[in-house]
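Participant: Before anything else, here's the structure in question.
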Amino acid sequence: MTPAADALTPVQQSALSAPARDAVADSLRLVGDAIQDIANEMYTTMFREDPDLLRRLFNRGNQITGDQQAALATGLAGFAALLVHRPYIEIRTVLERIAHKHVSVGVAPEQYQLVHRHLMAAFRTVLGSAATDRLIVGWSEVYWVMAHALLEREAQLCRGLGIEPGRHWRSWRVVQRTTEARNVLSLLLEPADEWPADDFLPGQYVSVAVPVDTDSFQIRQYSVSCEPGDGRLRITVERARRRGRPDGEVSAFLHEKAQLGTRVRLSPPCGELVLDDSERPVLFVSQGVGVTPFVSMIKHLARTGSGRPVTHVHLDTHVLDHPHRFEIELALRQLPGARSLLVYDDIKWAPPEAIASPLDFQQLAPAPDTLAYLCGPTSFLSHTRAALVRAGVAPDSIRYEVFGPQLWSAPS
């Protein structure tokens, strides 16, 4: 038996209907156990129907490793649990990071219909007879509650940027290349068209689209690593070489082929992790190339003569792997009372003020009203967030940027 057609049409409400909530609550464990297989099946059939999505939108490396499938599985299951167990949560806040990412890569509204069709088919294929009409209708409603919240927010962001969804790329040219650390390169870019550079907020990123073969291009996000105001953008790119995983296609192109004068396509600046304008003490904690959004934030604070207390903690493997070290140190010296702490795995050639890892965050003695910003690998984020909470930083005062497909940020 197939559900009535209107049962699977998009729903507009921001909360589940009572029948859908009961159906999803009853099947959360069943679907949760199978959601990874459902995600794998969905992407397989969707790319079979429309191969251009893999060639021109989705990260091929994340598809090979399964990271993208895991991100979808985590996001959908987490969102469903939120609607069932914590319906009072403001769902747009939960989805803000995803909305910014969708705008930056150019997700078009009609693609939500495509994903829904393949997702529901994957439910039936993987769950078999357990995919009852009641279950399908309930999970379809979960999807559309999520999708409409995203569509509404993405439309707002596009209007604010003056762009149409999916039609947002501009041509920029490379005007300077700078080696920042081992395997880390900065590219300074200026518009290659007649329009002025896009405004951005300290902490935002841009999507970069580059050709990787004759009929494909790939998209990656890089934080803007300069302060606003000079009409150009700078991105900092780590060459992605990962043991047992595909090397980064976009980072390889930018390191090897993006010479002076090379043109690349950039999205408008996006991202919700931006520097707030309060006077609260601020703590920046970065690992590796995760320092890049904080270059923009700290230089902006110095340029505007901020008097707020600033602490920057950076963790890295070796002093030679530490990007933007001297640039940040110079900016911090312009801020009254700013503190800097360098933590390296290999302390042999480190400057005298550096310490060996691991770091005891309780020794930082953060002020009770400290606002903390974190950026680095996922494992670093989870470990550091927990350590800061133990050190007295309020959980809702800890903000973070994620590198990679894991965009879900359900409230703790």
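Naming scheme: A, B, ... for chains in displayed order of the structure tokens; residues 1 onward per chain; ligands 1 onward as shown.
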Could you pull the residues within 9 Å of segment 115-130 of chain A, counting only C-alpha atoms, minus those fewer than 2 positions along the same chain, as an mmCIF file with C-alpha atoms, in the first residue's frame?
Facilitator:
```cif
data_model
loop_
_atom_site.group_PDB
_atom_site.id
_atom_site.type_symbol
_atom_site.label_atom_id
_atom_site.label_comp_id
_atom_site.auth_asym_id
_atom_site.auth_seq_id
_atom_site.Cartn_x
_atom_site.Cartn_y
_atom_site.Cartn_z
ATOM 1 C CA LEU A 30 14.821 1.366 14.155
ATOM 2 C CA VAL A 31 15.736 4.213 11.812
ATOM 3 C CA ALA A 34 19.797 1.878 9.800
ATOM 4 C CA ILE A 35 20.292 5.575 8.999
ATOM 5 C CA ASP A 37 22.754 2.507 5.264
ATOM 6 C CA ILE A 38 19.817 4.701 4.260
ATOM 7 C CA ALA A 39 22.166 7.627 3.582
ATOM 8 C CA ASN A 40 24.517 5.430 1.553
ATOM 9 C CA GLU A 41 21.619 4.148 -0.556
ATOM 10 C CA MET A 42 20.209 7.632 -1.073
ATOM 11 C CA TYR A 43 23.458 9.095 -2.393
ATOM 12 C CA THR A 45 20.745 6.305 -6.395
ATOM 13 C CA MET A 46 20.763 10.112 -6.544
ATOM 14 C CA GLN A 111 17.281 20.026 -5.219
ATOM 15 C CA TYR A 112 15.348 19.555 -1.985
ATOM 16 C CA GLN A 113 12.664 17.710 -3.960
ATOM 17 C CA THR A 132 5.297 1.089 6.765
ATOM 18 C CA LEU A 135 6.762 5.431 9.138
ATOM 19 C CA ILE A 136 7.327 6.880 5.665
ATOM 20 C CA TRP A 139 9.878 10.713 8.349
ATOM 21 C CA SER A 140 8.830 12.550 5.206
ATOM 22 C CA TYR A 143 12.467 16.018 6.218
ATOM 23 C CA TRP A 144 10.126 18.774 5.060
#
```
Participant: Do you have the atom CA of Ala338 of chain A-atom CA of Thr311 of chain A distance handy?
Facilitator: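 Going from atom CA of Ala338 of chain A over to atom CA of Thr311 of chain A, I get 5.7 Å.
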Participant: Among segment 134-295 of chain A, which residues does DSSP mark as helix (DSSP H, G or I) when it is run on the backbone? Keep the chain and numbering as in the structure and answer as JSON, numbers by chain.
Facilitator: {"A": [134, 135, 136, 137, 138, 139, 140, 141, 142, 143, 144, 145, 146, 147, 148, 149, 150, 151, 152, 153, 154, 155, 156, 157, 158, 159, 160, 161, 249, 250, 251, 252, 253, 254, 255, 256, 288, 289, 290, 291, 292, 293, 294, 295]}
Participant: Could you please determine the separation between atom CA of Thr292 of chain A and atom CA of Asn183 of chain A in Å, to one decimal place?
Facilitator: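 Separation between atom CA of Thr292 of chain A and atom CA of Asn183 of chain A: 14.3 Å.
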Participant: What lies within 10 Å of segment 245-260 of chain A using only C-alpha atoms, ignoring chain neighbours under 2 positions off, as a ChimeraX atom specification?
Facilitator: /A:59-62,64-65,173-177,179,183-189,208-213,217-221,236-243,262-264
Participant: Need the shell around His324 of chain A: protein/DNA/RNA residues with any atom at most 9 Å away, counting only C-alpha atoms. Skip same-chain ones fewer than 6 positions apart. Format as a list in words?
Facilitator: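 Selected residues are Glu180, Ala181, Val291, Thr292 and Val295 of chain A.
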Participant: Could you please take those selected residues and save N, CA and C atoms as a CSV table (one decimal), in the first residue's frame?
Facilitator:
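This went into part00.csv:
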```csv
chain,number,residue,atom,x,y,z
A,180,GLU,N,52.9,30.2,4.4
A,180,GLU,CA,52.6,30.5,5.8
A,180,GLU,C,53.3,29.5,6.7
A,181,ALA,N,53.4,28.2,6.3
A,181,ALA,CA,53.9,27.2,7.1
A,181,ALA,C,54.1,26.0,6.2
A,291,VAL,N,43.5,28.2,12.8
A,291,VAL,CA,43.7,29.6,13.2
A,291,VAL,C,43.2,30.6,12.2
A,292,THR,N,42.8,30.2,11.0
A,292,THR,CA,42.6,31.2,9.9
A,292,THR,C,41.4,32.2,10.2
A,295,VAL,N,42.6,34.9,12.6
A,295,VAL,CA,43.5,36.0,12.0
A,295,VAL,C,42.6,37.2,11.7
```
Participant: Could you give me, as a CSV table (one decimal) with C-alpha atoms, in the first residue's frame, the residues within 12 Å of Asp230 of chain A, counting only C-alpha atoms and dropping anything in the same chain fewer than 4 positions from it?
Facilitator:
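In the end it all went to around-v8.csv:
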```csv
chain,number,residue,atom,x,y,z
A,188,LEU,CA,45.5,37.1,-1.9
A,189,LEU,CA,42.6,37.6,-4.4
A,190,GLU,CA,41.0,40.6,-6.0
A,196,PRO,CA,33.8,45.8,-6.0
A,197,ALA,CA,34.8,43.1,-3.5
A,198,ASP,CA,32.2,41.5,-1.4
A,199,ASP,CA,31.9,42.8,2.2
A,200,PHE,CA,32.5,40.2,4.9
A,226,CYS,CA,42.4,39.0,6.5
A,234,ARG,CA,42.8,36.3,1.4
A,300,HIS,CA,39.9,43.5,13.2
```
Participant: Looking at A:Leu28, A:Val206, A:Leu150, A:Leu359, which one is nearest to Ile91 of chain A, with distances taken over only C-alpha atoms?
Facilitator: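 Checking each of A:Leu28, A:Val206, A:Leu150, A:Leu359 against Ile91 of chain A, counting only C-alpha atoms, the winner is A:Leu150.
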Participant: At a cut-off of 6 Å, using only C-alpha atoms, what residues contact segment 266-280 of chain A? Leave out same-chain residues fewer than 2 positions from it and give the result as a PyMOL selection string.
Facilitator: chain A and resi 100+104+168-170+200+202-208+308
Participant: Filtering to C-alpha atoms, could you give me those residues as a compact mmCIF listing (two decimals), in the first residue's frame?
Facilitator:
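Result file is result-v3.txt:
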```
# COMPACT_ATOMS: atom_id res chain seq x y z
CA HIS A 100 25.11 29.21 5.34
CA SER A 104 27.89 29.24 -0.19
CA HIS A 168 26.29 33.32 -7.06
CA TRP A 169 29.79 32.65 -8.39
CA ARG A 170 32.15 35.51 -9.20
CA PHE A 200 32.52 40.18 4.91
CA PRO A 202 35.48 38.71 10.63
CA GLY A 203 35.28 34.92 10.87
CA GLN A 204 33.36 34.20 7.65
CA TYR A 205 34.45 31.91 4.83
CA VAL A 206 34.09 31.69 1.07
CA SER A 207 33.49 28.67 -1.14
CA VAL A 208 36.12 28.21 -3.84
CA ARG A 308 38.18 44.05 25.44
```
Participant: I'd like the contact shell of His85 of chain A - 12 Å cut-off, only C-alpha atoms, skipping same-chain residues fewer than 5 positions apart - returned as a list of chain:residue names.
Facilitator: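 The residues that qualify are A:Ala15, A:Leu16, A:Arg21, A:Asp22, A:Val24, A:Ala25, A:Leu28, A:Gly78, A:Phe79, A:Ala80.
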Participant: Tell me which of A:Gly138, A:Gly106, A:Pro351, A:Pro281 sits closest to Ser17 of chain A, counting only C-alpha atoms.
Facilitator: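 Distance minimum relative to Ser17 of chain A lands on A:Gly138.
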Participant: Go through A:Arg390, A:Arg92, A:His312, A:Arg182 and flag the residue nearest Arg153 of chain A, using only C-alpha atoms for the distances.
Facilitator: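 Looking at the shortest contact to Arg153 of chain A, the residue is A:Arg92.
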Participant: Could you tell me how far atom CA of Leu364 of chain A sits from atom CA of Met297 of chain A, in Å to one decimal place?
Facilitator: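 According to the coordinates, atom CA of Met297 of chain A and atom CA of Leu364 of chain A are separated by 20.5 Å.
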Participant: Taking into account only C-alpha atoms, which residue in the set A:Leu201, A:Val84, A:Val319, A:Val289 is nearest to Ile235 of chain A?
Facilitator: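 For Ile235 of chain A, the nearest of the given residues is A:Val289.
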Participant: Which of these, A:Val107, A:Ala192, A:Ala131, A:Ala391, has the shortest distance to Leu151 of chain A once you count only C-alpha atoms?
Facilitator: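 Under the stated criterion, the closest residue is A:Val107.
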Participant: Could you tell me which of A:His318, A:Arg86, A:Arg48, A:His148 comes closest to Val343 of chain A if we count only C-alpha atoms?
Facilitator: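 Closest to Val343 of chain A of all the choices is A:His318.
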